[in-house]
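Below: target.cif (mmCIF, C-alpha atoms)
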```cif
data_run
loop_
_atom_site.label_atom_id
_atom_site.label_comp_id
_atom_site.auth_asym_id
_atom_site.auth_seq_id
_atom_site.Cartn_x
_atom_site.Cartn_y
_atom_site.Cartn_z
CA MET A 1 -121.05 43.47 44.77
CA THR A 2 -120.55 46.28 47.22
CA ASP A 3 -119.15 49.64 46.27
CA ASN A 4 -116.00 48.65 48.07
CA ASP A 5 -115.76 45.46 46.09
CA ALA A 6 -116.17 47.35 42.89
CA GLN A 7 -113.64 49.90 43.95
CA GLN A 8 -111.09 47.30 44.98
CA GLY A 9 -111.53 45.61 41.68
CA THR A 10 -110.97 48.86 39.89
CA LEU A 11 -107.91 49.62 41.95
CA GLY A 12 -106.70 46.12 41.36
CA ARG A 13 -106.91 46.43 37.60
CA ARG A 14 -104.78 49.54 37.87
CA GLY A 15 -102.06 47.57 39.57
CA LEU A 16 -101.87 46.27 43.09
CA LEU A 17 -98.75 46.19 45.22
CA GLY A 18 -97.79 49.73 44.55
CA GLY A 19 -98.92 49.63 40.99
CA GLY A 20 -95.99 47.66 39.81
CA LEU A 21 -93.49 47.31 42.65
CA ALA A 22 -94.19 43.62 42.57
CA ALA A 23 -96.00 43.50 39.29
CA VAL A 24 -94.78 40.60 37.29
CA THR A 25 -97.02 41.62 34.45
CA THR A 26 -98.82 44.77 33.43
CA THR A 27 -102.09 42.94 33.20
CA ALA A 28 -104.82 43.04 35.75
CA LEU A 29 -104.32 42.22 39.37
CA ALA A 30 -107.24 41.80 41.70
CA ALA A 31 -107.09 42.89 45.30
CA PRO A 32 -106.81 39.86 47.55
CA ALA A 33 -108.88 39.63 50.67
CA SER A 34 -107.95 42.24 53.19
CA ALA A 35 -108.29 41.53 56.86
CA GLU A 36 -107.93 45.17 57.79
CA GLY A 37 -109.58 48.28 56.56
CA GLY A 38 -111.44 46.80 53.66
CA THR A 39 -113.99 44.30 52.56
CA ALA A 40 -112.64 40.94 51.52
CA THR A 41 -112.93 40.33 47.83
CA SER A 42 -114.45 37.04 46.88
CA GLY A 43 -112.72 36.59 43.59
CA ALA A 44 -110.46 38.00 40.99
CA SER A 45 -111.61 40.38 38.31
CA ALA A 46 -111.09 39.61 34.66
CA GLY A 47 -107.46 39.12 33.82
CA ALA A 48 -106.40 38.74 37.44
CA THR A 49 -102.99 37.29 38.03
CA VAL A 50 -103.15 36.87 41.81
CA PRO A 51 -103.14 33.10 42.29
CA GLU A 52 -105.62 31.24 44.41
CA GLY A 53 -104.41 30.97 47.99
CA GLU A 54 -102.23 34.07 47.81
CA LEU A 55 -101.15 35.80 50.99
CA LEU A 56 -103.54 38.49 52.16
CA GLY A 57 -103.41 42.27 52.04
CA TYR A 58 -103.93 45.34 49.90
CA SER A 59 -100.27 46.32 49.88
CA LEU A 60 -96.95 44.76 50.73
CA PRO A 61 -96.14 42.90 52.81
CA LEU A 62 -98.91 40.45 51.97
CA SER A 63 -99.12 38.03 54.86
CA ALA A 64 -100.96 35.07 56.31
CA ARG A 65 -103.47 37.17 58.26
CA GLY A 66 -103.36 40.28 56.10
CA THR A 67 -102.63 42.61 58.99
CA ALA A 68 -98.92 43.21 58.33
CA GLN A 69 -99.49 45.29 55.21
CA LEU A 70 -98.05 48.79 55.22
CA VAL A 71 -101.23 50.27 53.78
CA ALA A 72 -104.74 48.84 54.11
CA ALA A 73 -107.31 49.31 51.37
CA PRO A 74 -109.25 52.58 51.30
CA PRO A 75 -111.15 54.45 52.56
CA TRP A 76 -108.32 56.71 53.62
CA HIS A 77 -109.50 59.56 55.83
CA TYR A 78 -107.33 62.60 56.47
CA VAL A 79 -107.57 65.61 58.75
CA GLY A 80 -104.83 68.14 59.18
CA GLU A 81 -103.57 71.59 59.96
CA VAL A 82 -101.84 73.41 57.12
CA VAL A 83 -99.45 76.30 57.07
CA GLY A 84 -98.94 77.51 53.50
CA VAL A 85 -97.49 80.24 51.37
CA GLU A 86 -98.42 81.28 47.86
CA PHE A 87 -95.40 81.95 45.67
CA TRP A 88 -94.21 82.63 42.17
CA THR A 89 -91.14 81.15 40.55
CA SER A 90 -89.96 81.87 37.03
CA SER A 91 -92.14 80.60 34.22
CA ASP A 92 -89.15 78.68 32.87
CA ALA A 93 -88.55 76.92 36.19
CA ALA A 94 -92.20 76.03 36.54
CA GLU A 95 -92.43 74.70 33.00
CA ALA A 96 -89.27 72.62 33.45
CA ALA A 97 -90.91 70.87 36.43
CA LEU A 98 -93.94 69.68 34.45
CA PRO A 99 -94.28 66.13 33.09
CA ALA A 100 -95.19 65.31 29.52
CA GLY A 101 -98.90 65.92 29.03
CA LEU A 102 -99.17 68.95 31.27
CA THR A 103 -98.60 72.47 29.99
CA PRO A 104 -97.99 75.74 31.80
CA ASP A 105 -101.05 77.75 32.71
CA PRO A 106 -100.55 80.94 30.72
CA THR A 107 -102.85 82.84 33.05
CA THR A 108 -100.83 82.07 36.18
CA SER A 109 -97.33 81.47 34.92
CA GLY A 110 -94.92 80.35 37.65
CA HIS A 111 -97.59 80.40 40.35
CA GLY A 112 -97.72 77.80 43.10
CA TYR A 113 -98.07 76.97 46.77
CA ALA A 114 -95.82 75.49 49.42
CA LEU A 115 -97.78 73.55 52.04
CA PHE A 116 -96.70 72.18 55.40
CA ILE A 117 -99.33 69.90 56.93
CA ASP A 118 -99.64 68.09 60.24
CA TRP A 119 -101.85 65.13 59.36
CA GLN A 120 -103.91 62.60 61.26
CA PHE A 121 -104.87 59.59 59.16
CA SER A 122 -107.45 56.87 59.69
CA GLY A 123 -109.32 54.10 57.97
CA ASP A 124 -112.81 53.20 59.12
CA GLU A 125 -111.63 51.50 62.32
CA GLN A 126 -110.64 54.53 64.40
CA GLU A 127 -106.98 54.09 63.47
CA TYR A 128 -106.46 57.57 64.89
CA LEU A 129 -106.45 55.84 68.29
CA ASP A 130 -102.97 54.64 67.33
CA PRO A 131 -101.36 58.08 67.15
CA VAL A 132 -97.83 56.84 66.51
CA ARG A 133 -98.98 55.32 63.24
CA SER A 134 -101.71 57.78 62.30
CA GLN A 135 -99.95 61.09 62.85
CA TYR A 136 -97.40 62.39 60.39
CA ALA A 137 -96.19 65.56 58.76
CA GLU A 138 -95.95 66.50 55.10
CA PHE A 139 -94.46 69.20 52.90
CA LEU A 140 -95.45 69.63 49.28
CA VAL A 141 -95.32 72.05 46.40
CA LEU A 142 -98.22 72.57 44.01
CA LEU A 143 -97.66 74.35 40.71
CA ASP A 144 -100.37 75.70 38.45
CA ALA A 145 -100.61 73.86 35.15
CA GLN A 146 -103.10 72.80 32.52
CA TRP A 147 -104.33 69.39 31.45
CA GLN A 148 -106.01 69.52 28.06
CA GLY A 149 -106.63 73.21 28.61
CA ALA A 150 -108.19 72.82 32.06
CA PRO A 151 -106.55 74.27 35.18
CA VAL A 152 -104.88 71.69 37.41
CA ALA A 153 -102.18 71.61 40.09
CA TRP A 154 -99.02 69.54 39.64
CA CYS A 155 -97.02 68.28 42.60
CA PRO A 156 -93.34 68.15 41.64
CA PHE A 157 -92.01 67.46 45.14
CA ILE A 158 -93.48 66.14 48.38
CA TYR A 159 -91.96 64.85 51.62
CA VAL A 160 -93.42 62.93 54.56
CA ASP A 161 -92.08 61.45 57.79
CA ASN A 162 -94.13 58.24 57.80
CA ASP A 163 -93.67 55.06 55.76
CA ALA A 164 -97.37 54.35 55.22
CA ALA A 165 -97.95 57.91 54.04
CA LEU A 166 -95.08 57.51 51.61
CA ALA A 167 -96.59 54.32 50.22
CA ARG A 168 -100.09 55.75 49.91
CA GLY A 169 -98.54 58.64 48.05
CA TRP A 170 -96.76 56.38 45.56
CA PHE A 171 -99.97 54.46 44.94
CA GLN A 172 -101.61 57.75 43.95
CA GLY A 173 -98.65 59.15 42.03
CA PHE A 174 -97.39 61.63 44.60
CA PRO A 175 -93.56 61.54 44.36
CA LYS A 176 -93.03 61.29 48.10
CA LYS A 177 -89.65 61.15 49.77
CA LEU A 178 -88.78 61.05 53.44
CA GLY A 179 -88.17 64.30 55.27
CA ALA A 180 -88.54 66.03 58.60
CA ILE A 181 -91.38 68.55 58.67
CA ARG A 182 -92.41 70.77 61.54
CA GLN A 183 -94.79 73.67 62.01
CA THR A 184 -95.50 76.00 64.90
CA ARG A 185 -98.42 74.72 66.93
CA ALA A 186 -101.26 76.61 68.56
CA PHE A 187 -103.11 75.67 71.72
CA ALA A 188 -106.43 76.54 73.29
CA VAL A 189 -104.81 78.45 76.11
CA ASP A 190 -102.94 81.72 76.17
CA SER A 191 -99.20 81.27 76.40
CA LYS A 192 -96.05 83.01 75.33
CA ALA A 193 -94.97 79.60 74.05
CA ALA A 194 -97.48 79.69 71.20
CA PRO A 195 -98.89 82.23 68.76
CA ALA A 196 -102.47 83.37 68.85
CA VAL A 197 -104.74 82.07 66.12
CA GLY A 198 -105.78 85.57 65.21
CA PRO A 199 -104.54 88.83 63.78
CA GLY A 200 -100.79 89.12 64.20
CA GLY A 201 -100.28 85.46 65.07
CA THR A 202 -97.13 84.24 63.34
CA PHE A 203 -96.48 80.61 62.44
CA ALA A 204 -93.34 79.10 60.97
CA ALA A 205 -92.67 75.80 59.23
CA SER A 206 -89.67 73.98 57.87
CA MET A 207 -88.68 70.86 55.99
CA SER A 208 -85.35 69.10 55.90
CA ALA A 209 -84.20 65.88 54.32
CA ALA A 210 -81.00 63.90 54.63
CA GLY A 211 -79.53 66.49 56.96
CA HIS A 212 -80.21 69.48 54.74
CA ARG A 213 -82.74 72.24 55.34
CA LEU A 214 -84.71 72.48 52.10
CA ALA A 215 -87.63 74.79 52.86
CA GLU A 216 -88.68 77.39 55.38
CA ALA A 217 -91.86 79.43 55.65
CA ARG A 218 -93.32 82.05 57.92
CA VAL A 219 -96.96 83.15 57.94
CA THR A 220 -98.53 86.05 59.81
CA LEU A 221 -102.30 85.89 60.12
CA GLU A 222 -104.47 88.89 59.32
CA LYS A 223 -108.08 87.85 58.68
CA THR A 224 -110.34 84.86 58.43
CA ALA A 225 -111.26 83.32 55.09
CA THR A 226 -113.89 80.89 53.86
CA SER A 227 -111.48 78.73 51.89
CA LEU A 228 -107.82 77.88 51.64
CA PRO A 229 -106.04 79.70 48.83
CA ALA A 230 -104.53 76.36 47.73
CA LEU A 231 -106.36 73.17 46.77
CA SER A 232 -108.81 74.91 44.45
CA ARG A 233 -107.46 72.98 41.45
CA PRO A 234 -107.57 69.21 40.86
CA ILE A 235 -104.19 67.68 41.66
CA VAL A 236 -102.56 65.75 38.83
CA ASN A 237 -99.77 63.30 39.61
CA LEU A 238 -97.64 60.81 37.72
CA ARG A 239 -97.79 57.17 38.76
CA HIS A 240 -94.44 55.79 37.63
CA PHE A 241 -93.13 52.37 38.62
CA PRO A 242 -90.00 51.28 36.77
CA ARG A 243 -88.97 47.78 35.87
CA LEU A 244 -85.83 46.19 37.26
CA SER A 245 -85.45 43.65 34.49
CA ALA A 246 -82.20 44.19 32.61
CA GLY A 247 -82.84 46.09 29.42
CA GLN A 248 -86.21 47.34 30.64
CA TYR A 249 -85.14 50.30 32.80
CA ASP A 250 -86.67 52.77 30.33
CA ASN A 251 -89.87 50.74 29.93
CA PRO A 252 -91.74 51.33 33.20
CA ALA A 253 -94.38 48.88 34.33
CA VAL A 254 -96.69 51.80 35.10
CA HIS A 255 -96.48 55.32 33.68
CA GLU A 256 -99.72 57.27 33.80
CA LEU A 257 -100.98 60.70 34.75
CA THR A 258 -103.56 60.55 37.51
CA GLN A 259 -106.01 62.96 39.07
CA SER A 260 -106.57 62.79 42.80
CA VAL A 261 -110.14 62.29 43.94
CA LEU A 262 -110.51 64.07 47.25
CA ASP A 263 -113.98 63.56 48.68
CA ASP A 264 -115.58 65.36 51.55
CA PRO A 265 -115.30 63.18 54.65
CA MET B 1 -112.01 73.40 55.80
CA ALA B 2 -112.31 75.40 58.98
CA GLU B 3 -110.62 78.12 60.95
CA VAL B 4 -108.88 79.40 57.84
CA TRP B 5 -106.80 82.51 58.28
CA THR B 6 -104.91 84.38 55.60
CA GLY B 7 -102.24 87.01 55.81
CA SER B 8 -98.70 87.50 54.64
CA GLY B 9 -96.13 84.83 53.96
CA ASP B 10 -92.41 84.38 53.45
CA LEU B 11 -90.89 81.33 51.83
CA GLY B 12 -87.44 80.05 50.95
CA PHE B 13 -86.15 76.94 49.19
CA PHE B 14 -82.53 75.90 49.72
CA ALA B 15 -80.22 73.89 47.49
CA ALA B 16 -78.91 70.52 48.61
CA PRO B 17 -77.32 67.49 46.92
CA HIS B 18 -79.78 65.23 45.11
CA GLU B 19 -82.59 67.77 45.42
CA GLU B 20 -84.19 70.08 42.83
CA LEU B 21 -86.70 71.91 45.00
CA ALA B 22 -84.51 75.02 45.03
CA ASP B 23 -84.63 75.09 41.22
CA LEU B 24 -88.12 76.52 41.82
CA LYS B 25 -86.49 79.68 43.15
CA VAL B 26 -89.02 81.83 44.95
CA ALA B 27 -89.26 85.10 43.05
CA ARG B 28 -91.99 86.55 45.24
CA THR B 29 -94.64 85.45 47.68
CA GLY B 30 -98.33 86.19 47.97
CA ALA B 31 -100.74 85.13 50.67
CA GLY B 32 -99.75 83.18 53.70
CA PHE B 33 -102.41 81.05 55.31
CA ARG B 34 -103.22 78.58 58.05
CA GLY B 35 -106.25 76.37 58.52
CA ALA B 36 -107.72 72.94 59.04
CA LEU B 37 -108.68 70.62 56.20
CA SER B 38 -110.03 67.13 55.73
CA TYR B 39 -110.88 64.74 52.93
CA THR B 40 -111.34 61.07 52.12
CA VAL B 41 -109.66 59.08 49.35
CA THR B 42 -111.35 56.01 47.87
CA ASP B 43 -110.60 56.39 44.18
CA LEU B 44 -108.12 57.66 41.65
CA LYS B 45 -108.83 58.97 38.17
CA ILE B 46 -106.40 57.72 35.51
CA LEU B 47 -105.82 60.32 32.82
CA THR B 48 -103.35 58.59 30.48
CA GLY B 49 -102.20 55.11 29.58
CA PRO B 50 -104.07 51.86 29.04
CA ASP B 51 -106.30 52.27 32.12
CA ALA B 52 -107.42 55.81 31.26
#
```
Kindly return the structure encoded in the file as C-alpha cells.
Amino acid sequence: MTDNDAQQGTLGRRGLLGGGLAAVTTTALAAPASAEGGTATSGASAGATVPEGELLGYSLPLSARGTAQLVAAPPWHYVGEVVGVEFWTSSDAAEAALPAGLTPDPTTSGHGYALFIDWQFSGDEQEYLDPVRSQYAEFLVLLDAQWQGAPVAWCPFIYVDNDAALARGWFQGFPKKLGAIRQTRAFAVDSKAAPAVGPGGTFAASMSAAGHRLAEARVTLEKTATSLPALSRPIVNLRHFPRLSAGQYDNPAVHELTQSVLDDP
Amino acid sequence: MAEVWTGSGDLGFFAAPHEELADLKVARTGAGFRGALSYTVTDLKILTGPDA
C-alpha cells in the first residue's frame, strides 16, 4: 500500500463526498479509484459502503471516467500572496464566535487576523497551467482560541471566488462562502499604477458578497520580516454536514472539530 | 514564506443581511503585512467525534 493509498483510505473513513453531502450512512466510505490527481485505490477499507462498480472520483460528481469531479484527491498544493491586518475585537464578540470545544485564549483576548489571499492551486499534474481553474482569491478571519489549553486559531468566516476552493474548504471544515475578493497587485517594473514592494508601499484589499461590501483593509509596508504575523497557530475548523432526512435536521451526519495539516511544499 | 513585509494596517468590517462578520467589530488594529506563502495539504487531523 502506498502512502497515498493509506491516506485515501483514511480520508475515506472520515467520509467521502464532502464528508456527508451524499453520505447515506455515517459508516466508513472508501475512496473510489480516481483518474485524476490521485492513485487509484484497489479496494475498500473495512466498513466501506461504496459498492463495486461505483462511478469514479474523489468528490462529486463521480463519473464514468473520474475526471468530472469538482475536487481531485490530494495532494493539494497552494501558493499565494497575502495582504493581512492584525486586529482586536471585543473579548465577548470573539468568544461568541467560538464553537463548542474551543475556549478563548485568555492571553490574547479578542485578537485575530484578517487575511486576503490571491491563490494559485495545483495537484501533482501542473494544474497551474490551467489558470482559470487554479487561480482564485480568498478572504478569511482567524481568531485566537484554545483547544484543551493549547493555542489555536479558529476560522469563523471565510470567502472564496472559486467552486473547487469552496468544496476543498468544506472537506476540511473551513466554512467557506462565495465572495468577491481583490487586492492591490505589485509588478516587477516601476509604475505609478502599482505600489512599490518596499517602505511606504501601500496595498489595499476588499471582500464583498451578494452585492454588499463586507471587509476592507489597507496596509503600508515598513520593513521586512522573517515570518508572517498570522499562521503561527494551528488552525482548527468544524466539519459539519447536516442531514436532510425529516426529523434529523439537528442530527448532523458529520460534526467534528478538525485541525488543518499544512505541510511545507 | 518569502518577501514578507510588515507595517501598519487599517481594517473595517461592514454589516450586511445574512452576515455576521461585522459582529467582530474591529476595536483596534496592529500590524499590517504582505508576503508570499505556500503549503501542501494531504491530511486532516480529527480532534473530536468518532474518528478522533
Of the residues A:Phe171, A:Leu244, A:Leu140, A:Phe116, which is the one nearest to B:Asp43, using all atoms listed in the file? A:Phe171
Go through A:Phe203, A:Phe241, A:Trp170, A:Phe139 and flag the residue nearest chain B, using only C-alpha atoms for the distances. A:Phe203
Here's the selection I'm unsure about, the PyMOL selection byres ((chain A and resi 254) around 7); applied to the file above, which residues does it give, as a PyMOL selection string? chain A and resi 19-20+239-242+252-253+255-256
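Put simply, atom CA of A:Pro234 is 9.5 Å away from atom CA of A:Ala150.
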7 Å contacts from chain A to chain B using only C-alpha atoms, as a ChimeraX atom specification: /A:14,74-90,93-94,157,172,212-228,256-265
Complete stretch 4-29 of chain B at the level of N, CA, C and O atoms, written as a PDB file, keeping the file's coordinate frame.
```pdb
ATOM      1  N   VAL B   4    -109.868  78.967  58.820  1.00  0.00           N
ATOM      2  CA  VAL B   4    -108.880  79.400  57.840  1.00  0.00           C
ATOM      3  C   VAL B   4    -108.563  80.877  58.067  1.00  0.00           C
ATOM      4  O   VAL B   4    -109.466  81.715  58.151  1.00  0.00           O
ATOM      5  N   TRP B   5    -107.289  81.137  58.161  1.00  0.00           N
ATOM      6  CA  TRP B   5    -106.800  82.510  58.280  1.00  0.00           C
ATOM      7  C   TRP B   5    -105.827  82.781  57.138  1.00  0.00           C
ATOM      8  O   TRP B   5    -105.041  81.903  56.766  1.00  0.00           O
ATOM      9  N   THR B   6    -105.880  83.974  56.615  1.00  0.00           N
ATOM     10  CA  THR B   6    -104.910  84.380  55.600  1.00  0.00           C
ATOM     11  C   THR B   6    -104.179  85.623  56.069  1.00  0.00           C
ATOM     12  O   THR B   6    -104.647  86.343  56.957  1.00  0.00           O
ATOM     13  N   GLY B   7    -103.045  85.844  55.463  1.00  0.00           N
ATOM     14  CA  GLY B   7    -102.240  87.010  55.810  1.00  0.00           C
ATOM     15  C   GLY B   7    -101.049  87.086  54.876  1.00  0.00           C
ATOM     16  O   GLY B   7    -101.181  86.813  53.683  1.00  0.00           O
ATOM     17  N   SER B   8     -99.914  87.396  55.444  1.00  0.00           N
ATOM     18  CA  SER B   8     -98.700  87.500  54.640  1.00  0.00           C
ATOM     19  C   SER B   8     -97.851  86.243  54.830  1.00  0.00           C
ATOM     20  O   SER B   8     -97.990  85.524  55.819  1.00  0.00           O
ATOM     21  N   GLY B   9     -96.967  86.022  53.866  1.00  0.00           N
ATOM     22  CA  GLY B   9     -96.130  84.830  53.960  1.00  0.00           C
ATOM     23  C   GLY B   9     -94.753  85.047  53.371  1.00  0.00           C
ATOM     24  O   GLY B   9     -94.602  85.776  52.380  1.00  0.00           O
ATOM     25  N   ASP B  10     -93.772  84.435  53.989  1.00  0.00           N
ATOM     26  CA  ASP B  10     -92.410  84.380  53.450  1.00  0.00           C
ATOM     27  C   ASP B  10     -92.052  82.922  53.209  1.00  0.00           C
ATOM     28  O   ASP B  10     -92.497  82.033  53.937  1.00  0.00           O
ATOM     29  N   LEU B  11     -91.211  82.693  52.204  1.00  0.00           N
ATOM     30  CA  LEU B  11     -90.890  81.330  51.830  1.00  0.00           C
ATOM     31  C   LEU B  11     -89.498  81.281  51.216  1.00  0.00           C
ATOM     32  O   LEU B  11     -89.121  82.175  50.456  1.00  0.00           O
ATOM     33  N   GLY B  12     -88.744  80.253  51.561  1.00  0.00           N
ATOM     34  CA  GLY B  12     -87.440  80.050  50.950  1.00  0.00           C
ATOM     35  C   GLY B  12     -87.189  78.582  50.681  1.00  0.00           C
ATOM     36  O   GLY B  12     -87.566  77.717  51.482  1.00  0.00           O
ATOM     37  N   PHE B  13     -86.606  78.287  49.525  1.00  0.00           N
ATOM     38  CA  PHE B  13     -86.150  76.940  49.190  1.00  0.00           C
ATOM     39  C   PHE B  13     -84.626  76.966  49.127  1.00  0.00           C
ATOM     40  O   PHE B  13     -84.031  77.925  48.615  1.00  0.00           O
ATOM     41  N   PHE B  14     -83.977  75.908  49.601  1.00  0.00           N
ATOM     42  CA  PHE B  14     -82.530  75.900  49.720  1.00  0.00           C
ATOM     43  C   PHE B  14     -81.938  74.706  48.978  1.00  0.00           C
ATOM     44  O   PHE B  14     -82.465  73.583  49.066  1.00  0.00           O
ATOM     45  N   ALA B  15     -80.845  74.939  48.302  1.00  0.00           N
ATOM     46  CA  ALA B  15     -80.220  73.890  47.490  1.00  0.00           C
ATOM     47  C   ALA B  15     -79.554  72.845  48.380  1.00  0.00           C
ATOM     48  O   ALA B  15     -79.056  73.142  49.470  1.00  0.00           O
ATOM     49  N   ALA B  16     -79.568  71.622  47.913  1.00  0.00           N
ATOM     50  CA  ALA B  16     -78.910  70.520  48.610  1.00  0.00           C
ATOM     51  C   ALA B  16     -78.613  69.436  47.578  1.00  0.00           C
ATOM     52  O   ALA B  16     -79.263  69.362  46.525  1.00  0.00           O
ATOM     53  N   PRO B  17     -77.622  68.581  47.862  1.00  0.00           N
ATOM     54  CA  PRO B  17     -77.320  67.490  46.920  1.00  0.00           C
ATOM     55  C   PRO B  17     -78.542  66.596  46.702  1.00  0.00           C
ATOM     56  O   PRO B  17     -79.299  66.312  47.633  1.00  0.00           O
ATOM     57  N   HIS B  18     -78.714  66.164  45.482  1.00  0.00           N
ATOM     58  CA  HIS B  18     -79.780  65.230  45.110  1.00  0.00           C
ATOM     59  C   HIS B  18     -81.177  65.821  45.294  1.00  0.00           C
ATOM     60  O   HIS B  18     -82.145  65.069  45.455  1.00  0.00           O
ATOM     61  N   GLU B  19     -81.286  67.115  45.307  1.00  0.00           N
ATOM     62  CA  GLU B  19     -82.590  67.770  45.420  1.00  0.00           C
ATOM     63  C   GLU B  19     -82.722  68.839  44.347  1.00  0.00           C
ATOM     64  O   GLU B  19     -81.715  69.472  43.978  1.00  0.00           O
ATOM     65  N   GLU B  20     -83.944  69.054  43.848  1.00  0.00           N
ATOM     66  CA  GLU B  20     -84.190  70.080  42.830  1.00  0.00           C
ATOM     67  C   GLU B  20     -85.265  71.063  43.255  1.00  0.00           C
ATOM     68  O   GLU B  20     -85.718  71.878  42.453  1.00  0.00           O
ATOM     69  N   LEU B  21     -85.671  70.976  44.526  1.00  0.00           N
ATOM     70  CA  LEU B  21     -86.700  71.910  45.000  1.00  0.00           C
ATOM     71  C   LEU B  21     -86.259  73.353  44.806  1.00  0.00           C
ATOM     72  O   LEU B  21     -87.051  74.203  44.375  1.00  0.00           O
ATOM     73  N   ALA B  22     -84.985  73.642  45.109  1.00  0.00           N
ATOM     74  CA  ALA B  22     -84.510  75.020  45.030  1.00  0.00           C
ATOM     75  C   ALA B  22     -84.423  75.535  43.597  1.00  0.00           C
ATOM     76  O   ALA B  22     -84.262  76.745  43.390  1.00  0.00           O
ATOM     77  N   ASP B  23     -84.553  74.624  42.605  1.00  0.00           N
ATOM     78  CA  ASP B  23     -84.630  75.090  41.220  1.00  0.00           C
ATOM     79  C   ASP B  23     -85.901  75.916  40.997  1.00  0.00           C
ATOM     80  O   ASP B  23     -85.965  76.705  40.051  1.00  0.00           O
ATOM     81  N   LEU B  24     -86.893  75.700  41.866  1.00  0.00           N
ATOM     82  CA  LEU B  24     -88.120  76.520  41.820  1.00  0.00           C
ATOM     83  C   LEU B  24     -87.891  77.764  42.687  1.00  0.00           C
ATOM     84  O   LEU B  24     -88.608  78.031  43.648  1.00  0.00           O
ATOM     85  N   LYS B  25     -86.887  78.523  42.342  1.00  0.00           N
ATOM     86  CA  LYS B  25     -86.490  79.680  43.150  1.00  0.00           C
ATOM     87  C   LYS B  25     -87.670  80.619  43.369  1.00  0.00           C
ATOM     88  O   LYS B  25     -88.359  80.994  42.412  1.00  0.00           O
ATOM     89  N   VAL B  26     -87.880  80.972  44.611  1.00  0.00           N
ATOM     90  CA  VAL B  26     -89.020  81.830  44.950  1.00  0.00           C
ATOM     91  C   VAL B  26     -88.717  83.259  44.521  1.00  0.00           C
ATOM     92  O   VAL B  26     -87.826  83.914  45.073  1.00  0.00           O
ATOM     93  N   ALA B  27     -89.459  83.730  43.537  1.00  0.00           N
ATOM     94  CA  ALA B  27     -89.260  85.100  43.050  1.00  0.00           C
ATOM     95  C   ALA B  27     -90.018  86.094  43.915  1.00  0.00           C
ATOM     96  O   ALA B  27     -89.530  87.188  44.201  1.00  0.00           O
ATOM     97  N   ARG B  28     -91.205  85.717  44.323  1.00  0.00           N
ATOM     98  CA  ARG B  28     -91.990  86.550  45.240  1.00  0.00           C
ATOM     99  C   ARG B  28     -93.058  85.695  45.880  1.00  0.00           C
ATOM    100  O   ARG B  28     -93.382  84.608  45.377  1.00  0.00           O
ATOM    101  N   THR B  29     -93.588  86.186  46.984  1.00  0.00           N
ATOM    102  CA  THR B  29     -94.640  85.450  47.680  1.00  0.00           C
ATOM    103  C   THR B  29     -95.927  86.257  47.679  1.00  0.00           C
ATOM    104  O   THR B  29     -95.923  87.480  47.533  1.00  0.00           O
TER     105      THR B  29
END
```
